[in-house]
Amino acid sequence: MKDIYVLGLHGFSAHSNRTMHNSGVALLKNGEIIFASDEERFTRIKNDGVFPFKALEAMYKETGISPENISYVAMPDRKSFWQLRKIIKYTVKTYFETGVFASNYLIESFKRTLQIKRIVPDNLSHCKLIFVEHHLAHAASTYYSAPWDKATIISVDGSGDFSMSGIVGIGQGKNIEIKRRLNGYYSPGIYYMIITEILGFISGRHEGKVTGLAAFGKPNFELQKHFEIFLQYKKNKLDFFSKNIPFEINDYISKHWVNEYNPETGTDSVAEQDYKKNKKQQLATFRIPLTNHSKEDIAYAAQNRLEEVVVEHVNAVVSKTGIKNICLAGGIFANVKLNQKIKELQNVNNLFVYPAMNDSGLSVGAALHVHHNVLKNEFKGKLPTNMYLGSDFSDDHETEKFLKDRNIQFDQFDNIELKIAEDLKSNKIVAHFFGRSEYGPRALGNRSIFAPATNFSINESLNKKLNRTEFMPFAPIILFEDANEMLVNWNENDHNSMFMTITYKVTERMKEIAPAVVHIDGTARPQIIKSSDNERVYKILKEYKKITGIPILINTSFNLHEEPIVNTPNEALRVLTQKAVDILVINNLYIKKS
């Protein structure tokens, strides 16, 4: 039987200068993901959205697959005509609901859709090109990766296909049925982006800082009422354009904001200059009630309101579907505190957040949708045991030559895992570069920096070395067999804990032995590790426990601030030469800071 290759490709046309964000590729062989990576890992531009030429090149090299072997190309986001119809629909819908005709948003969205050309590189022109709705791709990424054959699916982000902020669906067998689309003008994702900018951060990049900062705030009635107006949930609102599930997310910002705010406008027009000027004025107007409050309290109120609205949304959805296995995807579910709130709901029996929940996951989701729904293949849903789907640099002979050519000294050890553990016991900071790189936003051991979690002060010193200004503590990596003793209400079926997509309340024991990975609110965002997940990393942690009695280490991503996670040995060496770490281990080669 001939192997079937489906390429998921997220990025504008190969012949266009338009960009998105988190562009990348994923390759399926008979339904199995054999490669997935974002373009940012190769261009070294955080969240890069250019056409993923470099990721494609790496995919061919890594898999040995030639373009002629590929039969189908799946691209998230629908064709222009489909998008234009949806934009008109939701513009009219917004007018009926707010009395505002969002003319600028409509015009700019029209311009953008008309400029999009979905053309693949010439060497893939023989493939059948299949377009997959943005949020359907999100839904497919999480449902087809979850361990259940029936689930409620919820996707929420800023905006997809220029007009929708999310969908609700039911997954059963290999089929996904979309039950409701959410108007993109009413988006909790855009809400959180606005808050991020108000607090002085970069929207689309620093939302995690708002989440971390919120833990330092305290309740404030005035702010609470302000954000209740800013973001509302009106499940009983009259709805002219949809059916089945009568609810929606609705952020009544202001008539001016609805008319002007568009986070995805291009940067090459006079209209864009006017947009930026208007947006700045609107942000200033919205800030007025916030001027007498601390950033911490603002973040607390904003985070609390997000949790209230999305939790109400989830409860309403589950009450309609009656299915308590929940699959989540979309950028809003990068919010690990929100995910914890959802997991704790009585209406939720099981929860799975796709590890590449942001737009990184679109290439995988689009390909999985084509495999199951277009090609009508048998449903093979299963939990991914790892996300190590990127480029591989595990050839030690090649790495040795690379180091010798640069006159870099290195050592080798019979038990390198023990040597790493001993260094960590001596309070060294160890950068670990091993095997294939991780896919998605989290470092899961192969492109990670490890450090002891025994001293809280390391948060400040390590962040300074990495040029970071984070409000969250570092995340812990914990041995599977010890997780139950460290995390409250954790169990071995909590799949999210494998991928750092959710926070847990921690036990007093963990606070005592690993204060550096416990946030001020008594939570942590863990990666629980088994030998079958990553034998090398498991052995390091196991050796560390043998000599210290502690089954926990700091695991933070191997990169400097505002840079993507390192992808190559050369990038790893750059971090070492800047003295951000003490030891660099590349596969089985051990390099000291000099």
# chains A, B, ... in the order shown; residues from 1 in each chain; ligands from 1
>>> select_by_dssp(residues="region 13-99 of chain A", states="strand (DSSP E)", output="list in words")
Gly24, Val25, Ala26, Leu27, Leu28, Lys29, Glu32, Ile33, Ile34, Phe35, Ala36, Ser37, Asp38, Tyr72, Val73, Ala74, Met75 and Pro76 of chain A
>>> write_last_selection(atoms="all heavy atoms", output="compact mmCIF listing (two decimals), in the first residue's frame")
# COMPACT_ATOMS: atom_id res chain seq x y z
N GLY A 24 4.33 27.88 10.07
CA GLY A 24 5.09 26.65 10.21
C GLY A 24 4.53 25.53 9.37
O GLY A 24 3.59 25.73 8.58
N VAL A 25 5.10 24.35 9.55
CA VAL A 25 4.70 23.19 8.75
C VAL A 25 4.54 21.97 9.64
O VAL A 25 5.11 21.90 10.74
CB VAL A 25 5.73 22.88 7.64
CG1 VAL A 25 5.92 24.08 6.73
CG2 VAL A 25 7.08 22.45 8.22
N ALA A 26 3.78 21.01 9.14
CA ALA A 26 3.65 19.70 9.80
C ALA A 26 3.44 18.67 8.70
O ALA A 26 2.72 18.91 7.73
CB ALA A 26 2.47 19.69 10.76
N LEU A 27 4.08 17.52 8.84
CA LEU A 27 3.96 16.46 7.84
C LEU A 27 3.40 15.20 8.49
O LEU A 27 3.91 14.72 9.50
CB LEU A 27 5.32 16.15 7.22
CG LEU A 27 5.31 15.12 6.08
CD1 LEU A 27 4.51 15.66 4.90
CD2 LEU A 27 6.73 14.78 5.65
N LEU A 28 2.32 14.68 7.88
CA LEU A 28 1.71 13.44 8.33
C LEU A 28 2.03 12.32 7.35
O LEU A 28 1.93 12.51 6.13
CB LEU A 28 0.19 13.59 8.41
CG LEU A 28 -0.43 14.03 9.73
CD1 LEU A 28 0.08 15.39 10.15
CD2 LEU A 28 -1.96 14.04 9.61
N LYS A 29 2.42 11.18 7.88
CA LYS A 29 2.60 9.96 7.09
C LYS A 29 1.55 8.96 7.55
O LYS A 29 1.59 8.48 8.69
CB LYS A 29 4.00 9.39 7.29
CG LYS A 29 4.25 8.07 6.56
CD LYS A 29 5.65 7.54 6.84
CE LYS A 29 5.89 6.21 6.13
NZ LYS A 29 7.25 5.66 6.42
N GLU A 32 0.18 9.84 10.91
CA GLU A 32 1.10 10.04 12.03
C GLU A 32 1.96 11.28 11.78
O GLU A 32 2.52 11.45 10.69
CB GLU A 32 2.00 8.82 12.22
CG GLU A 32 2.98 8.97 13.37
CD GLU A 32 3.94 7.79 13.48
OE1 GLU A 32 3.77 6.82 12.72
OE2 GLU A 32 4.86 7.85 14.32
N ILE A 33 2.09 12.13 12.79
CA ILE A 33 2.91 13.33 12.65
C ILE A 33 4.38 12.91 12.71
O ILE A 33 4.85 12.38 13.72
CB ILE A 33 2.63 14.34 13.78
CG1 ILE A 33 1.15 14.67 13.86
CG2 ILE A 33 3.44 15.62 13.57
CD1 ILE A 33 0.75 15.42 15.11
N ILE A 34 5.12 13.15 11.63
CA ILE A 34 6.54 12.78 11.61
C ILE A 34 7.45 14.00 11.64
O ILE A 34 8.66 13.86 11.85
CB ILE A 34 6.87 11.89 10.40
CG1 ILE A 34 6.58 12.60 9.08
CG2 ILE A 34 6.11 10.57 10.49
CD1 ILE A 34 7.06 11.82 7.86
N PHE A 35 6.89 15.18 11.46
CA PHE A 35 7.67 16.41 11.60
C PHE A 35 6.72 17.56 11.82
O PHE A 35 5.64 17.63 11.22
CB PHE A 35 8.51 16.69 10.34
CG PHE A 35 9.39 17.91 10.46
CD1 PHE A 35 10.68 17.80 10.95
CD2 PHE A 35 8.92 19.17 10.09
CE1 PHE A 35 11.49 18.93 11.08
CE2 PHE A 35 9.72 20.30 10.22
CZ PHE A 35 11.00 20.17 10.71
N ALA A 36 7.11 18.49 12.71
CA ALA A 36 6.34 19.72 12.90
C ALA A 36 7.27 20.77 13.50
O ALA A 36 7.99 20.49 14.45
CB ALA A 36 5.14 19.49 13.83
N SER A 37 7.24 21.96 12.93
CA SER A 37 8.08 23.03 13.44
C SER A 37 7.59 24.38 12.94
O SER A 37 6.99 24.48 11.87
CB SER A 37 9.55 22.84 13.01
OG SER A 37 10.38 23.79 13.63
N ASP A 38 7.85 25.41 13.73
CA ASP A 38 7.54 26.79 13.33
C ASP A 38 8.71 27.41 12.58
O ASP A 38 9.88 27.06 12.81
CB ASP A 38 7.23 27.63 14.56
CG ASP A 38 5.82 27.40 15.09
OD1 ASP A 38 5.10 26.59 14.49
OD2 ASP A 38 5.46 28.04 16.09
N TYR A 72 -1.12 15.90 -0.65
CA TYR A 72 -2.10 16.89 -0.23
C TYR A 72 -1.40 17.98 0.58
O TYR A 72 -0.52 17.69 1.39
CB TYR A 72 -3.20 16.26 0.63
CG TYR A 72 -3.94 15.16 -0.07
CD1 TYR A 72 -3.50 13.83 0.01
CD2 TYR A 72 -5.09 15.43 -0.82
CE1 TYR A 72 -4.17 12.81 -0.63
CE2 TYR A 72 -5.78 14.40 -1.46
CZ TYR A 72 -5.31 13.10 -1.37
OH TYR A 72 -5.98 12.09 -2.01
N VAL A 73 -1.83 19.22 0.38
CA VAL A 73 -1.38 20.35 1.20
C VAL A 73 -2.61 20.94 1.88
O VAL A 73 -3.56 21.37 1.20
CB VAL A 73 -0.66 21.42 0.37
CG1 VAL A 73 -0.33 22.63 1.25
CG2 VAL A 73 0.62 20.86 -0.25
N ALA A 74 -2.59 20.94 3.20
CA ALA A 74 -3.70 21.49 4.00
C ALA A 74 -3.29 22.85 4.54
O ALA A 74 -2.26 22.96 5.21
CB ALA A 74 -4.03 20.55 5.15
N MET A 75 -4.08 23.88 4.23
CA MET A 75 -3.75 25.24 4.67
C MET A 75 -4.87 25.78 5.55
O MET A 75 -6.03 25.85 5.12
CB MET A 75 -3.54 26.15 3.47
CG MET A 75 -2.39 25.73 2.58
SD MET A 75 -2.00 26.91 1.27
CE MET A 75 -1.08 28.12 2.21
N PRO A 76 -4.55 26.16 6.80
CA PRO A 76 -5.57 26.77 7.67
C PRO A 76 -5.94 28.16 7.17
O PRO A 76 -5.12 28.85 6.57
CB PRO A 76 -4.88 26.84 9.03
CG PRO A 76 -3.42 26.81 8.72
CD PRO A 76 -3.25 26.03 7.47
>>> closest_atom_pairs(of="region 132-244 of chain A", to="region 289-310 of chain A", cutoff="7 Å", atoms="only C-alpha atoms", output="Markdown table")
| residue | atom | partner | partner_atom | distance |
| --- | --- | --- | --- | --- |
| A:Pro188 | CA | A:Leu306 | CA | 7.0 |
| A:Leu199 | CA | A:Lys295 | CA | 6.4 |
| A:Val210 | CA | A:Ala299 | CA | 5.8 |
| A:Thr211 | CA | A:Gln303 | CA | 6.6 |
| A:Leu213 | CA | A:Glu296 | CA | 5.7 |
| A:Ala214 | CA | A:Tyr300 | CA | 4.0 |
| A:Ala215 | CA | A:Tyr300 | CA | 6.5 |
| A:Phe216 | CA | A:Glu296 | CA | 5.6 |
| A:Gly217 | CA | A:Asp297 | CA | 4.2 |
| A:Lys218 | CA | A:Asp297 | CA | 5.5 |
| A:Pro219 | CA | A:Ala301 | CA | 6.8 |
| A:Leu223 | CA | A:Ala301 | CA | 6.1 |
| A:Gln224 | CA | A:Ala301 | CA | 5.7 |
| A:Phe227 | CA | A:Arg305 | CA | 6.5 |
| A:Glu228 | CA | A:Arg305 | CA | 6.8 |
| A:Gln232 | CA | A:Val309 | CA | 6.8 |
| A:Tyr233 | CA | A:Val309 | CA | 6.0 |
>>> write_last_selection(atoms="all heavy atoms", output="compact mmCIF listing (two decimals), in the first residue's frame")
# COMPACT_ATOMS: atom_id res chain seq x y z
N PRO A 188 -12.56 37.39 23.67
CA PRO A 188 -11.76 37.45 24.89
C PRO A 188 -10.26 37.47 24.59
O PRO A 188 -9.47 37.95 25.40
CB PRO A 188 -12.16 36.18 25.65
CG PRO A 188 -12.69 35.27 24.61
CD PRO A 188 -13.32 36.13 23.56
N LEU A 199 -0.95 47.50 30.03
CA LEU A 199 0.04 47.31 31.09
C LEU A 199 1.47 47.51 30.61
O LEU A 199 2.41 47.29 31.36
CB LEU A 199 -0.13 45.91 31.70
CG LEU A 199 -1.42 45.72 32.51
CD1 LEU A 199 -1.61 44.27 32.89
CD2 LEU A 199 -1.40 46.60 33.76
N VAL A 210 1.16 39.11 31.97
CA VAL A 210 -0.04 39.61 32.65
C VAL A 210 -0.58 38.55 33.60
O VAL A 210 -0.94 38.85 34.74
CB VAL A 210 -1.12 40.00 31.61
CG1 VAL A 210 -2.38 40.48 32.31
CG2 VAL A 210 -0.60 41.08 30.67
N THR A 211 -0.60 37.30 33.14
CA THR A 211 -1.07 36.21 33.99
C THR A 211 -0.23 36.09 35.25
O THR A 211 -0.77 35.92 36.35
CB THR A 211 -1.03 34.88 33.21
OG1 THR A 211 -1.69 35.03 31.96
CG2 THR A 211 -1.69 33.75 34.00
N LEU A 213 1.69 38.48 36.59
CA LEU A 213 1.57 39.70 37.39
C LEU A 213 0.28 39.70 38.20
O LEU A 213 0.23 40.24 39.32
CB LEU A 213 1.60 40.91 36.44
CG LEU A 213 1.63 42.30 37.06
CD1 LEU A 213 2.88 42.50 37.90
CD2 LEU A 213 1.53 43.37 35.98
N ALA A 214 -0.76 39.07 37.66
CA ALA A 214 -2.07 39.07 38.34
C ALA A 214 -2.00 38.46 39.73
O ALA A 214 -2.75 38.86 40.62
CB ALA A 214 -3.08 38.32 37.48
N ALA A 215 -1.11 37.51 39.93
CA ALA A 215 -1.02 36.83 41.23
C ALA A 215 -0.55 37.78 42.33
O ALA A 215 -0.75 37.51 43.51
CB ALA A 215 -0.08 35.63 41.13
N PHE A 216 0.07 38.89 41.93
CA PHE A 216 0.56 39.87 42.92
C PHE A 216 -0.49 40.92 43.27
O PHE A 216 -0.27 41.73 44.17
CB PHE A 216 1.82 40.57 42.39
CG PHE A 216 3.00 39.66 42.24
CD1 PHE A 216 3.22 38.97 41.06
CD2 PHE A 216 3.91 39.49 43.29
CE1 PHE A 216 4.31 38.13 40.92
CE2 PHE A 216 5.00 38.65 43.15
CZ PHE A 216 5.20 37.96 41.97
N GLY A 217 -1.63 40.90 42.55
CA GLY A 217 -2.66 41.89 42.79
C GLY A 217 -3.66 41.45 43.84
O GLY A 217 -3.59 40.34 44.38
N LYS A 218 -4.59 42.32 44.11
CA LYS A 218 -5.64 42.02 45.09
C LYS A 218 -6.98 42.50 44.56
O LYS A 218 -7.04 43.38 43.68
CB LYS A 218 -5.32 42.68 46.43
CG LYS A 218 -5.17 44.18 46.39
CD LYS A 218 -4.77 44.73 47.75
CE LYS A 218 -4.68 46.26 47.75
NZ LYS A 218 -3.69 46.78 46.80
N PRO A 219 -8.09 41.96 45.08
CA PRO A 219 -9.41 42.35 44.59
C PRO A 219 -9.67 43.84 44.79
O PRO A 219 -9.26 44.43 45.79
CB PRO A 219 -10.36 41.50 45.44
CG PRO A 219 -9.54 40.35 45.92
CD PRO A 219 -8.15 40.90 46.10
N LEU A 223 -12.31 48.26 39.97
CA LEU A 223 -11.75 47.59 38.80
C LEU A 223 -12.63 46.43 38.35
O LEU A 223 -12.82 46.19 37.16
CB LEU A 223 -10.34 47.08 39.11
CG LEU A 223 -9.24 48.14 39.21
CD1 LEU A 223 -7.95 47.51 39.71
CD2 LEU A 223 -9.01 48.80 37.86
N GLN A 224 -13.17 45.73 39.31
CA GLN A 224 -14.05 44.61 38.99
C GLN A 224 -15.24 45.08 38.15
O GLN A 224 -15.57 44.47 37.12
CB GLN A 224 -14.56 43.97 40.28
CG GLN A 224 -15.57 42.85 40.08
CD GLN A 224 -16.14 42.36 41.41
OE1 GLN A 224 -15.45 42.34 42.42
NE2 GLN A 224 -17.41 41.98 41.38
N PHE A 227 -14.19 46.05 34.52
CA PHE A 227 -13.95 44.94 33.61
C PHE A 227 -15.21 44.12 33.34
O PHE A 227 -15.30 43.44 32.32
CB PHE A 227 -12.82 44.05 34.13
CG PHE A 227 -11.46 44.67 33.94
CD1 PHE A 227 -10.70 45.07 35.04
CD2 PHE A 227 -10.95 44.89 32.68
CE1 PHE A 227 -9.46 45.65 34.86
CE2 PHE A 227 -9.71 45.48 32.49
CZ PHE A 227 -8.96 45.87 33.58
N GLU A 228 -16.19 44.21 34.23
CA GLU A 228 -17.47 43.57 33.94
C GLU A 228 -18.16 44.24 32.76
O GLU A 228 -18.87 43.59 31.99
CB GLU A 228 -18.37 43.59 35.18
CG GLU A 228 -17.97 42.57 36.24
CD GLU A 228 -18.82 42.67 37.49
OE1 GLU A 228 -19.75 43.50 37.52
OE2 GLU A 228 -18.55 41.92 38.45
N GLN A 232 -18.20 40.98 28.67
CA GLN A 232 -19.47 40.44 29.14
C GLN A 232 -19.78 39.11 28.46
O GLN A 232 -19.26 38.81 27.39
CB GLN A 232 -20.62 41.42 28.86
CG GLN A 232 -20.50 42.73 29.62
CD GLN A 232 -21.67 43.65 29.34
OE1 GLN A 232 -22.44 43.43 28.40
NE2 GLN A 232 -21.84 44.67 30.16
N TYR A 233 -20.66 38.37 29.12
CA TYR A 233 -21.13 37.10 28.56
C TYR A 233 -22.65 37.16 28.56
O TYR A 233 -23.26 37.29 29.62
CB TYR A 233 -20.63 35.93 29.40
CG TYR A 233 -20.98 34.59 28.81
CD1 TYR A 233 -20.23 34.09 27.75
CD2 TYR A 233 -22.04 33.85 29.27
CE1 TYR A 233 -20.54 32.86 27.18
CE2 TYR A 233 -22.37 32.63 28.71
CZ TYR A 233 -21.61 32.14 27.67
OH TYR A 233 -21.92 30.93 27.10
>>> closest_residue(among="A:Ser71, A:Glu378, A:Ile194, A:Lys320", to="Tyr144 (chain A)", atoms="only C-alpha atoms")
A:Glu378
>>> atom_distance(atom1="CA of Ile70 (chain A)", atom2="CA of Tyr354 (chain A)")
25.5 Å
>>> residues_around(residues="Ile528 (chain A)", least_positions_apart="4", cutoff="10 Å", atoms="only C-alpha atoms", output="PyMOL selection string")
chain A and resi 444+476-483+492+494-500+533+538+552
>>> closest_residue(among="A:Leu136, A:Val581, A:Ile591, A:Met164", to="Ile87 (chain A)", atoms="only C-alpha atoms")
A:Met164
>>> closest_residue(among="A:Pro67, A:Pro569, A:Gly169, A:Gly361", to="Gly8 (chain A)", atoms="only C-alpha atoms")
A:Gly361
>>> closest_residue(among="A:Asn349, A:Thr503, A:Thr548, A:Asn123", to="Arg525 (chain A)", atoms="only C-alpha atoms")
A:Thr503
>>> residues_around(residues="Ile416 (chain A)", least_positions_apart="5", cutoff="9 Å", atoms="only C-alpha atoms", output="ChimeraX atom specification")
/A:421,540,585,588-590
>>> write_last_selection(atoms="C-alpha atoms", output="PDB file, in the first residue's frame")
ATOM      1  CA  ALA A 421      22.935  15.816  38.259  1.00  0.00           C
ATOM      2  CA  ILE A 540      18.941  13.192  34.783  1.00  0.00           C
ATOM      3  CA  VAL A 585      25.544  19.646  27.115  1.00  0.00           C
ATOM      4  CA  ASN A 588      26.769  13.455  24.913  1.00  0.00           C
ATOM      5  CA  LEU A 589      29.326  16.273  24.707  1.00  0.00           C
ATOM      6  CA  TYR A 590      29.980  18.322  27.831  1.00  0.00           C
TER       7      TYR A 590
END
>>> closest_residue(among="A:Val374, A:Ala146, A:Ile190, A:Leu466", to="Gln172 (chain A)", atoms="only C-alpha atoms")
A:Ala146
